[in-house]
Amino acid sequence: MTIIEPIRILLYVVGALAFVGVNAAYLVWLERKAAGRFQRRAGPTEVGPAGLLQPVADAIKLMTKQLIVPPGSDELLFRVAPVMVMAPAMMCFATIPFADSIAARNIDVGLLMIFAFGSINVMAVMLGGWSSRNKYAIISAARVVSQNVAYEIPMLLTIITMLMVAGTMNLHEIVRQQEAGFWAWNVFRLASNPLMPVTFIIFFICMLAETNRAPFDMAEAESELVAGAYTEYSGMGFGVFFMGEYANIVIGCAIATALFLGGWGSPVGALPGVWWFLAKMYFLIFSVIWIRWTFPRTQFYGLLNLSWKILIPVSLTTLVLTSIAIKIPRMF
Amino acid sequence: MSVPPLELIKGPDETFILNLGPQHPATHGVLRIKLTMDGEYVTRAEPVPGYIHRMHEKMGENRTWNQFLPNTSRIDYLSAMAYTHAFVGVAERAAGIEVPPRAEYIRVITSELNRISSHLVWFGAFLLDLGGFTPLLYAFDDREKILDLLEGITGSRLTYCYYRFGGVCNDVDDAFLRGTKEFVAHMRPRMKLYRDLVTDNIILRKRLTDIGHISADMCRRYGATGPVIRGAGVAYDTRKVEPYSAYREFDFDIPVFPEADSMARYLVRMEEIVQSLRIIEQAVDRLPDGPFIAPKMPKVMKVPPGDYFYATEAARGRFAVRAVSDGKEIPYRLKLRAPSFSNLSLFEEASRGMMLPDALAMLGSLDLVIPDIDR
């Protein structure tokens, strides 16, 4: 069945918006519920059954609050910054293949597009912090930018490794290649690179840093910088930043699923692919939440040390190993 | 982990003032610290206390000994027992009151339980400073058990006024003793859990090891006591150097870590919980029979003229009361020596050149209670 193009676009726009909105709202619920379980308490229970209406209540609260623009701040940038977190995250959903036939756009340079839009996130947080004219926010903005160098390099190195293995930037195609079974998933493809699981772990660590999640949430660091770049934001300004953070987590975990865990590929053959994609993605998201509530925050230079002394050398090694593994068979 | 020294990256003077507090998540109360910052480096930290000053010393000069007694538990609300202990101690020493051994044992048990609960609050709050939220709730779970036990015999959960001149206000019951034994048995495996979950965590170790150096010399110059000086390698504990109450009769160690960094102070407190458990166990097992308060205590406390002094080891360090009496019902002068004040005063020197998150981690490792600083 083919759907005519304008309706298709409309469907996907509405679908992506709804998916991002529902995820951002209900990941907050999941996070609070999971955190409650980790900490031997119940989490939200009051609003709706099992607290399921809590996100709705939160949204109403945030939307009815006054949006305060602090005097002396750069009003335009201050207002634009939250949008700049949310909009690129929405864009990234265009290329993510949820199943063989569910993807808004099958773009040949999908991976490149995601990383191009993904890096806007950093600029948005920086602008938000800078335009607030708040010392804590400016410190946070400076941290975000310098932290960016630390994780983007190893992350892109792992992406290059993956590109060399896959030979394409088309996410749909990349998942296709892993369809044979779970042994064909890129994370287990030891033949093309014996360090593949390590590459996955590096990607995951960088993804945590990219989304400003604990243990790399130095930019938000509520015990040091009050709320970091978001200190001066009230109401939905903060709400959009918050939603953007969760949207970015969903994106990061979706890419990790597509790149390393075989996307919609099922390890046992049951159920349609989209469920497998979602299951893998939510498992990764759950791990992200799990890590946040287990570990204390690292130091800013701790992340730099980790990046320059461990992540970059290791990801370079995997890159070299992969190129050797690709080149050697072709020589004979 | 090494931090680049400040000199290497310091350019022209572009410092700015960062007001940390009086309402800031890291100061756990209304402490204000005026930080002169060079980027993320602290060049000068000027603590500005006084936001919660309640004139306890002056109050002491305006009310009778009995009337001032509840005030002492409001100075350091987390370690109320040791503070009340010092105040009743100074009055007993002045008036020459013989405290029955059972009362002394009960005081030791409750003081040590209070020390554990105080350290548990510190543990949770410190981890909160470092960005770990979960340990707080685990610690409060254990602390709840202590609070329930103490509530059963004292009637209050935080600002206990349990000690009286000459003893304690009522006897402990079997439920308390049984509960205390159960708590000791429960707490030992929990310490292993804390070790696995928190102490051995690589991120925590890297954040605390070799960071926040406070030397023994600096501790002496500023009069820092408690876990701060014991974390600098000096085995100074009032319970050992000037044994008061029944502490002489128990077998316990003073944990000392010579590294003098934030990790050492962390480990001292964790080890102190274990040692307190040891003291409690011995005291409960050997609890003597007899009266819980000295017989024929006068209704109104009167202290002969003179200058008296009594020090206890509170959870944060040495708390001392110096009382000057002119023989009237009201003390002539009451000096309260609070450990947090001395421990805070070294922050200015110790934090110089540190990065902001490290400085705040060090501030957390000092375990400050703001009402204790301001009194």
# chains A, B, ... in the order shown; residues from 1 in each chain; ligands from 1
>>> residues_around(residues="Asp253 in chain B", least_positions_apart="2", cutoff="8 Å", atoms="only C-alpha atoms", output="ChimeraX atom specification")
/B:251,255,275
>>> write_last_selection(atoms="N, CA and C atoms", output="PDB file, in the first residue's frame")
ATOM      1  N   ASP B 251      36.594  -0.643  74.657  1.00  0.00           N
ATOM      2  CA  ASP B 251      37.699  -0.946  73.756  1.00  0.00           C
ATOM      3  C   ASP B 251      37.304  -0.472  72.359  1.00  0.00           C
ATOM      4  N   PRO B 255      40.015   5.838  64.273  1.00  0.00           N
ATOM      5  CA  PRO B 255      40.452   5.710  62.880  1.00  0.00           C
ATOM      6  C   PRO B 255      41.237   6.940  62.439  1.00  0.00           C
ATOM      7  N   GLN B 275      33.382   1.810  64.492  1.00  0.00           N
ATOM      8  CA  GLN B 275      33.881   1.875  65.874  1.00  0.00           C
ATOM      9  C   GLN B 275      32.751   2.210  66.846  1.00  0.00           C
TER      10      GLN B 275
END
>>> closest_atom_pairs(of="chain B", to="chain A", cutoff="6 Å", atoms="only C-alpha atoms", output="Markdown table")
| residue | atom | partner | partner_atom | distance |
| --- | --- | --- | --- | --- |
| B:Pro25 | CA | A:Ser223 | CA | 5.2 |
| B:Ala26 | CA | A:Ser223 | CA | 5.1 |
| B:Asp129 | CA | A:Ser223 | CA | 5.2 |
| B:Leu130 | CA | A:Pro296 | CA | 5.6 |
| B:Gly131 | CA | A:Pro296 | CA | 4.7 |
| B:Gly132 | CA | A:Pro296 | CA | 3.9 |
| B:Thr134 | CA | A:Gln39 | CA | 5.6 |
| B:Leu137 | CA | A:Gln39 | CA | 6.0 |
| B:Ile203 | CA | A:Thr298 | CA | 5.9 |
>>> atom_distance(atom1="CA of Leu18 in chain B", atom2="CA of Leu346 in chain B")
19.1 Å
>>> select_by_dssp(residues="range 48-264 of chain A", states="alpha helix (DSSP H)", output="ChimeraX atom specification")
/A:54-64,75-92,110-118,120-131,135-166,171-177,196-210,235-260
>>> select_by_dssp(residues="range 5-249 of chain B", states="strand (DSSP E)", output="short mmCIF file (atom, residue, chain, number, x, y, z; two decimals) with C-alpha atoms, in the first residue's frame")
data_model
loop_
_atom_site.label_atom_id
_atom_site.label_comp_id
_atom_site.auth_asym_id
_atom_site.auth_seq_id
_atom_site.Cartn_x
_atom_site.Cartn_y
_atom_site.Cartn_z
CA PHE B 16 34.98 37.72 39.25
CA ILE B 17 33.04 37.40 42.46
CA LEU B 18 30.70 34.46 42.77
CA ASN B 19 28.28 34.58 45.64
CA LEU B 20 27.80 31.06 46.87
CA ARG B 32 27.37 32.30 52.36
CA ILE B 33 30.77 32.04 50.75
CA LYS B 34 32.09 34.93 48.71
CA LEU B 35 34.24 33.31 46.09
CA THR B 36 36.72 35.21 44.00
CA MET B 37 36.90 33.10 40.88
CA ASP B 38 39.40 32.94 38.09
CA TYR B 41 39.43 28.26 39.86
CA VAL B 42 38.86 29.65 43.31
CA THR B 43 41.42 32.33 44.12
CA ARG B 44 39.84 33.41 47.38
CA ALA B 45 36.96 32.07 49.41
CA GLU B 46 35.59 34.26 52.13
CA PRO B 47 32.99 32.55 54.33
CA VAL B 48 30.32 34.95 55.57
CA TYR B 163 20.45 14.15 79.59
CA ARG B 164 19.80 15.79 82.91
CA GLY B 167 21.99 11.42 84.80
CA VAL B 168 19.34 10.97 82.13
#
>>> residues_around(residues="range 172-185 of chain B", least_positions_apart="6", cutoff="12 Å", atoms="only C-alpha atoms", output="ChimeraX atom specification")
/B:102-103,105-107,109-110,112-113,116-117,141-155,162,191,273-293
>>> write_last_selection(atoms="C-alpha atoms", output="tab-separated table (two decimals), in the first residue's frame")
chain	number	residue	atom	x	y	z
B	102	ARG	CA	24.16	3.19	84.52
B	103	ALA	CA	23.49	6.77	83.45
B	105	TYR	CA	26.55	3.92	80.03
B	106	ILE	CA	23.20	5.10	78.70
B	107	ARG	CA	24.83	8.39	77.75
B	109	ILE	CA	25.03	4.37	74.00
B	110	THR	CA	22.81	7.28	73.00
B	112	GLU	CA	27.22	6.88	69.84
B	113	LEU	CA	23.87	6.15	68.21
B	116	ILE	CA	26.14	7.20	63.68
B	117	SER	CA	22.96	8.98	62.64
B	141	ASP	CA	16.70	4.34	55.76
B	142	ASP	CA	19.28	3.28	58.37
B	143	ARG	CA	19.09	6.58	60.19
B	144	GLU	CA	15.35	6.10	60.54
B	145	LYS	CA	16.01	3.04	62.70
B	146	ILE	CA	18.21	5.08	65.03
B	147	LEU	CA	15.67	7.86	65.22
B	148	ASP	CA	12.94	5.36	66.09
B	149	LEU	CA	15.11	3.88	68.84
B	150	LEU	CA	15.96	7.26	70.31
B	151	GLU	CA	12.41	8.48	69.99
B	152	GLY	CA	11.32	5.55	72.12
B	153	ILE	CA	13.40	6.64	75.10
B	154	THR	CA	13.84	10.39	74.64
B	155	GLY	CA	10.54	11.38	73.05
B	162	TYR	CA	17.57	13.52	77.21
B	191	MET	CA	28.55	-0.94	55.89
B	273	ILE	CA	30.53	4.30	62.30
B	274	VAL	CA	32.07	0.86	62.69
B	275	GLN	CA	33.88	1.88	65.87
B	276	SER	CA	30.70	3.42	67.30
B	277	LEU	CA	28.94	0.13	66.66
B	278	ARG	CA	31.68	-1.59	68.67
B	279	ILE	CA	31.22	0.82	71.59
B	280	ILE	CA	27.44	0.42	71.54
B	281	GLU	CA	27.72	-3.36	71.51
B	282	GLN	CA	30.03	-3.37	74.55
B	283	ALA	CA	27.95	-0.81	76.42
B	284	VAL	CA	24.68	-2.68	75.87
B	285	ASP	CA	26.23	-5.97	76.95
B	286	ARG	CA	27.78	-4.55	80.11
B	287	LEU	CA	25.04	-2.08	81.05
B	288	PRO	CA	25.15	-1.94	84.87
B	289	ASP	CA	22.08	-1.90	87.06
B	290	GLY	CA	21.29	0.93	89.41
B	291	PRO	CA	19.73	4.36	89.32
B	292	PHE	CA	19.67	6.30	86.07
B	293	ILE	CA	19.98	9.68	87.78
>>> closest_atom_pairs(of="range 205-269 of chain A", to="range 92-114 of chain A", cutoff="8 Å", atoms="only C-alpha atoms", output="Markdown table")
| residue | atom | partner | partner_atom | distance |
| --- | --- | --- | --- | --- |
| A:Ile251 | CA | A:Cys92 | CA | 7.1 |
| A:Ala254 | CA | A:Ile96 | CA | 7.2 |
| A:Ile255 | CA | A:Ile96 | CA | 7.4 |
| A:Ala258 | CA | A:Pro97 | CA | 7.7 |
| A:Gly263 | CA | A:Phe98 | CA | 7.4 |
| A:Trp264 | CA | A:Ala99 | CA | 5.4 |
>>> write_last_selection(atoms="N, CA and C atoms", output="mmCIF file, in the first residue's frame")
data_model
loop_
_atom_site.group_PDB
_atom_site.id
_atom_site.type_symbol
_atom_site.label_atom_id
_atom_site.label_comp_id
_atom_site.auth_asym_id
_atom_site.auth_seq_id
_atom_site.Cartn_x
_atom_site.Cartn_y
_atom_site.Cartn_z
ATOM 1 N N ILE A 251 17.095 9.783 20.854
ATOM 2 C CA ILE A 251 17.864 9.757 19.611
ATOM 3 C C ILE A 251 19.140 8.934 19.786
ATOM 4 N N ALA A 254 18.427 5.344 20.039
ATOM 5 C CA ALA A 254 17.953 4.817 18.761
ATOM 6 C C ALA A 254 19.120 4.602 17.808
ATOM 7 N N ILE A 255 20.059 5.569 17.785
ATOM 8 C CA ILE A 255 21.221 5.390 16.903
ATOM 9 C C ILE A 255 22.044 4.198 17.352
ATOM 10 N N ALA A 258 20.378 1.128 16.157
ATOM 11 C CA ALA A 258 20.501 0.900 14.718
ATOM 12 C C ALA A 258 21.931 0.548 14.335
ATOM 13 N N GLY A 263 19.177 -2.907 14.963
ATOM 14 C CA GLY A 263 17.937 -2.202 14.662
ATOM 15 C C GLY A 263 16.700 -3.042 14.917
ATOM 16 N N TRP A 264 15.887 -3.217 13.856
ATOM 17 C CA TRP A 264 14.636 -3.970 14.026
ATOM 18 C C TRP A 264 14.847 -5.469 13.949
#
>>> closest_residue(among="A:Ile7, A:Phe277, A:Tyr282, A:Leu319", to="Met196 in chain A", atoms="only C-alpha atoms")
A:Leu319
>>> atom_distance(atom1="CA of Ile68 in chain A", atom2="CA of Gly228 in chain A")
16.6 Å
>>> residues_around(residues="Leu156 in chain A", least_positions_apart="3", cutoff="12 Å", atoms="only C-alpha atoms", output="JSON, numbers by chain")
{"A": [111, 112, 114, 115, 116, 118, 119, 148, 149, 150, 151, 152, 153, 159, 160, 161, 162, 163, 199, 202, 203, 206, 207, 210, 311, 312, 315, 316, 319]}
>>> atom_distance(atom1="CA of Val321 in chain B", atom2="CA of Tyr308 in chain B")
8.1 Å
>>> residues_around(residues="Met126 in chain A", least_positions_apart="4", cutoff="12 Å", atoms="only C-alpha atoms", output="PyMOL selection string")
chain A and resi 77-78+80-82+84-85+119-122+130-133+137-148+219-220+228-230
>>> write_last_selection(atoms="N, CA and C atoms", output="mmCIF file, in the first residue's frame")
data_model
loop_
_atom_site.group_PDB
_atom_site.id
_atom_site.type_symbol
_atom_site.label_atom_id
_atom_site.label_comp_id
_atom_site.auth_asym_id
_atom_site.auth_seq_id
_atom_site.Cartn_x
_atom_site.Cartn_y
_atom_site.Cartn_z
ATOM 1 N N LEU A 77 18.108 35.608 22.258
ATOM 2 C CA LEU A 77 18.835 34.346 22.429
ATOM 3 C C LEU A 77 18.239 33.540 23.568
ATOM 4 N N PHE A 78 17.857 34.248 24.616
ATOM 5 C CA PHE A 78 17.292 33.573 25.786
ATOM 6 C C PHE A 78 16.044 32.788 25.404
ATOM 7 N N VAL A 80 15.283 31.845 22.229
ATOM 8 C CA VAL A 80 15.529 30.920 21.126
ATOM 9 C C VAL A 80 16.214 29.642 21.609
ATOM 10 N N ALA A 81 17.043 29.771 22.646
ATOM 11 C CA ALA A 81 17.883 28.640 23.068
ATOM 12 C C ALA A 81 17.082 27.355 23.331
ATOM 13 N N PRO A 82 15.971 27.386 24.082
ATOM 14 C CA PRO A 82 15.254 26.120 24.302
ATOM 15 C C PRO A 82 14.760 25.498 22.998
ATOM 16 N N MET A 84 16.195 25.704 20.212
ATOM 17 C CA MET A 84 17.324 25.118 19.501
ATOM 18 C C MET A 84 17.766 23.790 20.093
ATOM 19 N N VAL A 85 17.303 23.461 21.279
ATOM 20 C CA VAL A 85 17.560 22.112 21.799
ATOM 21 C C VAL A 85 16.547 21.144 21.212
ATOM 22 N N SER A 119 24.932 18.231 16.987
ATOM 23 C CA SER A 119 25.905 19.142 17.574
ATOM 24 C C SER A 119 25.322 20.528 17.830
ATOM 25 N N ILE A 120 24.124 20.795 17.314
ATOM 26 C CA ILE A 120 23.492 22.093 17.599
ATOM 27 C C ILE A 120 23.118 22.181 19.080
ATOM 28 N N ASN A 121 22.787 21.034 19.635
ATOM 29 C CA ASN A 121 22.420 20.923 21.036
ATOM 30 C C ASN A 121 23.378 21.675 21.962
ATOM 31 N N VAL A 122 24.687 21.457 21.733
ATOM 32 C CA VAL A 122 25.702 22.089 22.564
ATOM 33 C C VAL A 122 25.608 23.605 22.457
ATOM 34 N N TRP A 130 24.742 31.592 28.217
ATOM 35 C CA TRP A 130 25.377 32.885 27.973
ATOM 36 C C TRP A 130 24.365 34.019 28.066
ATOM 37 N N SER A 131 23.181 33.810 27.459
ATOM 38 C CA SER A 131 22.222 34.914 27.403
ATOM 39 C C SER A 131 21.543 35.146 28.747
ATOM 40 N N SER A 132 21.662 34.196 29.693
ATOM 41 C CA SER A 132 20.996 34.388 30.978
ATOM 42 C C SER A 132 21.629 35.482 31.818
ATOM 43 N N ARG A 133 22.870 35.817 31.545
ATOM 44 C CA ARG A 133 23.596 36.785 32.380
ATOM 45 C C ARG A 133 23.593 36.351 33.846
ATOM 46 N N ALA A 137 25.250 30.220 35.183
ATOM 47 C CA ALA A 137 24.898 29.783 33.834
ATOM 48 C C ALA A 137 26.079 29.943 32.895
ATOM 49 N N ILE A 138 26.870 31.015 33.093
ATOM 50 C CA ILE A 138 28.006 31.223 32.197
ATOM 51 C C ILE A 138 29.085 30.170 32.457
ATOM 52 N N ILE A 139 29.315 29.859 33.729
ATOM 53 C CA ILE A 139 30.278 28.786 34.029
ATOM 54 C C ILE A 139 29.817 27.504 33.350
ATOM 55 N N SER A 140 28.521 27.240 33.448
ATOM 56 C CA SER A 140 27.976 26.036 32.839
ATOM 57 C C SER A 140 28.160 26.061 31.330
ATOM 58 N N ALA A 141 27.912 27.243 30.713
ATOM 59 C CA ALA A 141 28.084 27.349 29.262
ATOM 60 C C ALA A 141 29.517 27.052 28.871
ATOM 61 N N ALA A 142 30.456 27.596 29.649
ATOM 62 C CA ALA A 142 31.872 27.338 29.348
ATOM 63 C C ALA A 142 32.186 25.856 29.481
ATOM 64 N N ARG A 143 31.583 25.217 30.481
ATOM 65 C CA ARG A 143 31.817 23.781 30.670
ATOM 66 C C ARG A 143 31.282 22.984 29.494
ATOM 67 N N VAL A 144 30.095 23.343 29.050
ATOM 68 C CA VAL A 144 29.468 22.600 27.953
ATOM 69 C C VAL A 144 30.364 22.617 26.731
ATOM 70 N N VAL A 145 30.901 23.803 26.423
ATOM 71 C CA VAL A 145 31.691 23.928 25.200
ATOM 72 C C VAL A 145 32.992 23.144 25.309
ATOM 73 N N SER A 146 33.683 23.304 26.441
ATOM 74 C CA SER A 146 34.979 22.615 26.512
ATOM 75 C C SER A 146 34.790 21.122 26.679
ATOM 76 N N GLN A 147 33.672 20.741 27.283
ATOM 77 C CA GLN A 147 33.360 19.319 27.431
ATOM 78 C C GLN A 147 33.070 18.694 26.068
ATOM 79 N N ASN A 148 32.511 19.519 25.193
ATOM 80 C CA ASN A 148 32.123 19.063 23.865
ATOM 81 C C ASN A 148 33.285 18.389 23.148
ATOM 82 N N ALA A 219 27.411 20.148 33.314
ATOM 83 C CA ALA A 219 26.818 21.412 32.887
ATOM 84 C C ALA A 219 25.617 21.755 33.753
ATOM 85 N N GLU A 220 24.941 20.733 34.254
ATOM 86 C CA GLU A 220 23.765 20.999 35.065
ATOM 87 C C GLU A 220 24.113 20.995 36.545
ATOM 88 N N GLY A 228 22.897 25.134 36.531
ATOM 89 C CA GLY A 228 23.730 25.343 35.359
ATOM 90 C C GLY A 228 23.129 26.322 34.389
ATOM 91 N N ALA A 229 23.135 25.952 33.126
ATOM 92 C CA ALA A 229 22.658 26.853 32.083
ATOM 93 C C ALA A 229 21.172 27.143 32.220
ATOM 94 N N TYR A 230 20.447 26.271 32.941
ATOM 95 C CA TYR A 230 18.995 26.439 33.023
ATOM 96 C C TYR A 230 18.576 27.258 34.243
#
>>> closest_residue(among="B:Asn201, B:Ser79, B:Thr72, B:Thr159", to="Glu313 in chain B", atoms="only C-alpha atoms")
B:Ser79
>>> residues_around(residues="Arg265 in chain B", least_positions_apart="5", cutoff="7 Å", atoms="only C-alpha atoms", output="PyMOL selection string")
chain B and resi 227-228+231+365
>>> residues_around(residues="Pro305 in chain B", least_positions_apart="5", cutoff="12 Å", atoms="only C-alpha atoms", output="PyMOL selection string")
chain B and resi 91+94-95+323-333
>>> closest_residue(among="A:Ile4, A:Met91, A:Leu30, A:Ile205", to="Ala247 in chain A", atoms="only C-alpha atoms")
A:Met91
>>> closest_residue(among="A:Trp290, A:Phe260, A:Trp275, A:Phe241", to="Ala24 in chain A", atoms="only C-alpha atoms")
A:Phe241
>>> decode(residues="range 293-322 of chain B", atoms="N, CA and C atoms", output="PDB file, in the first residue's frame")
ATOM      1  N   ILE B 293      19.677   8.279  87.497  1.00  0.00           N
ATOM      2  CA  ILE B 293      19.978   9.680  87.785  1.00  0.00           C
ATOM      3  C   ILE B 293      20.424   9.754  89.238  1.00  0.00           C
ATOM      4  N   ALA B 294      21.341  10.675  89.500  1.00  0.00           N
ATOM      5  CA  ALA B 294      21.878  10.787  90.856  1.00  0.00           C
ATOM      6  C   ALA B 294      20.744  11.137  91.824  1.00  0.00           C
ATOM      7  N   PRO B 295      20.720  10.500  93.000  1.00  0.00           N
ATOM      8  CA  PRO B 295      19.625  10.772  93.937  1.00  0.00           C
ATOM      9  C   PRO B 295      19.731  12.178  94.513  1.00  0.00           C
ATOM     10  N   LYS B 296      18.609  12.690  94.899  1.00  0.00           N
ATOM     11  CA  LYS B 296      18.504  13.986  95.584  1.00  0.00           C
ATOM     12  C   LYS B 296      19.105  15.110  94.756  1.00  0.00           C
ATOM     13  N   MET B 297      18.729  15.175  93.493  1.00  0.00           N
ATOM     14  CA  MET B 297      19.186  16.312  92.686  1.00  0.00           C
ATOM     15  C   MET B 297      18.319  17.523  93.020  1.00  0.00           C
ATOM     16  N   PRO B 298      18.930  18.693  93.191  1.00  0.00           N
ATOM     17  CA  PRO B 298      18.119  19.878  93.516  1.00  0.00           C
ATOM     18  C   PRO B 298      17.242  20.280  92.333  1.00  0.00           C
ATOM     19  N   LYS B 299      16.102  20.897  92.638  1.00  0.00           N
ATOM     20  CA  LYS B 299      15.196  21.361  91.578  1.00  0.00           C
ATOM     21  C   LYS B 299      15.866  22.434  90.724  1.00  0.00           C
ATOM     22  N   VAL B 300      16.528  23.371  91.407  1.00  0.00           N
ATOM     23  CA  VAL B 300      17.213  24.441  90.681  1.00  0.00           C
ATOM     24  C   VAL B 300      18.718  24.242  90.845  1.00  0.00           C
ATOM     25  N   MET B 301      19.365  24.159  89.727  1.00  0.00           N
ATOM     26  CA  MET B 301      20.803  23.894  89.727  1.00  0.00           C
ATOM     27  C   MET B 301      21.547  25.142  90.203  1.00  0.00           C
ATOM     28  N   LYS B 302      22.414  24.936  91.191  1.00  0.00           N
ATOM     29  CA  LYS B 302      23.257  26.054  91.622  1.00  0.00           C
ATOM     30  C   LYS B 302      24.696  25.591  91.567  1.00  0.00           C
ATOM     31  N   VAL B 303      25.546  26.424  90.993  1.00  0.00           N
ATOM     32  CA  VAL B 303      26.932  26.029  90.760  1.00  0.00           C
ATOM     33  C   VAL B 303      27.824  26.940  91.584  1.00  0.00           C
ATOM     34  N   PRO B 304      28.757  26.372  92.348  1.00  0.00           N
ATOM     35  CA  PRO B 304      29.658  27.226  93.137  1.00  0.00           C
ATOM     36  C   PRO B 304      30.500  28.119  92.229  1.00  0.00           C
ATOM     37  N   PRO B 305      30.945  29.272  92.718  1.00  0.00           N
ATOM     38  CA  PRO B 305      31.722  30.183  91.877  1.00  0.00           C
ATOM     39  C   PRO B 305      32.979  29.504  91.347  1.00  0.00           C
ATOM     40  N   GLY B 306      33.350  29.859  90.157  1.00  0.00           N
ATOM     41  CA  GLY B 306      34.550  29.260  89.576  1.00  0.00           C
ATOM     42  C   GLY B 306      34.477  29.235  88.061  1.00  0.00           C
ATOM     43  N   ASP B 307      35.512  28.681  87.475  1.00  0.00           N
ATOM     44  CA  ASP B 307      35.670  28.642  86.021  1.00  0.00           C
ATOM     45  C   ASP B 307      35.774  27.171  85.621  1.00  0.00           C
ATOM     46  N   TYR B 308      34.812  26.678  84.864  1.00  0.00           N
ATOM     47  CA  TYR B 308      34.752  25.236  84.600  1.00  0.00           C
ATOM     48  C   TYR B 308      34.782  24.964  83.100  1.00  0.00           C
ATOM     49  N   PHE B 309      35.210  23.755  82.792  1.00  0.00           N
ATOM     50  CA  PHE B 309      35.401  23.403  81.384  1.00  0.00           C
ATOM     51  C   PHE B 309      35.072  21.931  81.192  1.00  0.00           C
ATOM     52  N   TYR B 310      34.389  21.622  80.101  1.00  0.00           N
ATOM     53  CA  TYR B 310      34.084  20.218  79.817  1.00  0.00           C
ATOM     54  C   TYR B 310      34.009  20.059  78.308  1.00  0.00           C
ATOM     55  N   ALA B 311      34.701  19.055  77.794  1.00  0.00           N
ATOM     56  CA  ALA B 311      34.719  18.859  76.344  1.00  0.00           C
ATOM     57  C   ALA B 311      34.207  17.475  76.005  1.00  0.00           C
ATOM     58  N   THR B 312      33.462  17.387  74.912  1.00  0.00           N
ATOM     59  CA  THR B 312      33.037  16.078  74.410  1.00  0.00           C
ATOM     60  C   THR B 312      33.432  15.979  72.944  1.00  0.00           C
ATOM     61  N   GLU B 313      33.423  14.755  72.459  1.00  0.00           N
ATOM     62  CA  GLU B 313      33.702  14.540  71.050  1.00  0.00           C
ATOM     63  C   GLU B 313      32.362  14.428  70.333  1.00  0.00           C
ATOM     64  N   ALA B 314      31.972  15.504  69.679  1.00  0.00           N
ATOM     65  CA  ALA B 314      30.740  15.465  68.894  1.00  0.00           C
ATOM     66  C   ALA B 314      31.068  14.861  67.531  1.00  0.00           C
ATOM     67  N   ALA B 315      30.047  14.675  66.705  1.00  0.00           N
ATOM     68  CA  ALA B 315      30.278  14.028  65.414  1.00  0.00           C
ATOM     69  C   ALA B 315      31.203  14.857  64.536  1.00  0.00           C
ATOM     70  N   ARG B 316      31.199  16.176  64.725  1.00  0.00           N
ATOM     71  CA  ARG B 316      32.011  17.040  63.877  1.00  0.00           C
ATOM     72  C   ARG B 316      33.342  17.413  64.501  1.00  0.00           C
ATOM     73  N   GLY B 317      33.551  17.017  65.739  1.00  0.00           N
ATOM     74  CA  GLY B 317      34.810  17.345  66.387  1.00  0.00           C
ATOM     75  C   GLY B 317      34.593  17.697  67.833  1.00  0.00           C
ATOM     76  N   ARG B 318      35.557  18.418  68.387  1.00  0.00           N
ATOM     77  CA  ARG B 318      35.549  18.672  69.819  1.00  0.00           C
ATOM     78  C   ARG B 318      34.595  19.810  70.138  1.00  0.00           C
ATOM     79  N   PHE B 319      33.580  19.492  70.936  1.00  0.00           N
ATOM     80  CA  PHE B 319      32.687  20.537  71.430  1.00  0.00           C
ATOM     81  C   PHE B 319      33.003  20.758  72.895  1.00  0.00           C
ATOM     82  N   ALA B 320      33.185  22.006  73.283  1.00  0.00           N
ATOM     83  CA  ALA B 320      33.550  22.293  74.661  1.00  0.00           C
ATOM     84  C   ALA B 320      32.686  23.415  75.197  1.00  0.00           C
ATOM     85  N   VAL B 321      32.374  23.297  76.471  1.00  0.00           N
ATOM     86  CA  VAL B 321      31.639  24.359  77.154  1.00  0.00           C
ATOM     87  C   VAL B 321      32.547  24.891  78.252  1.00  0.00           C
ATOM     88  N   ARG B 322      32.742  26.180  78.261  1.00  0.00           N
ATOM     89  CA  ARG B 322      33.446  26.794  79.381  1.00  0.00           C
ATOM     90  C   ARG B 322      32.426  27.660  80.106  1.00  0.00           C
TER      91      ARG B 322
END
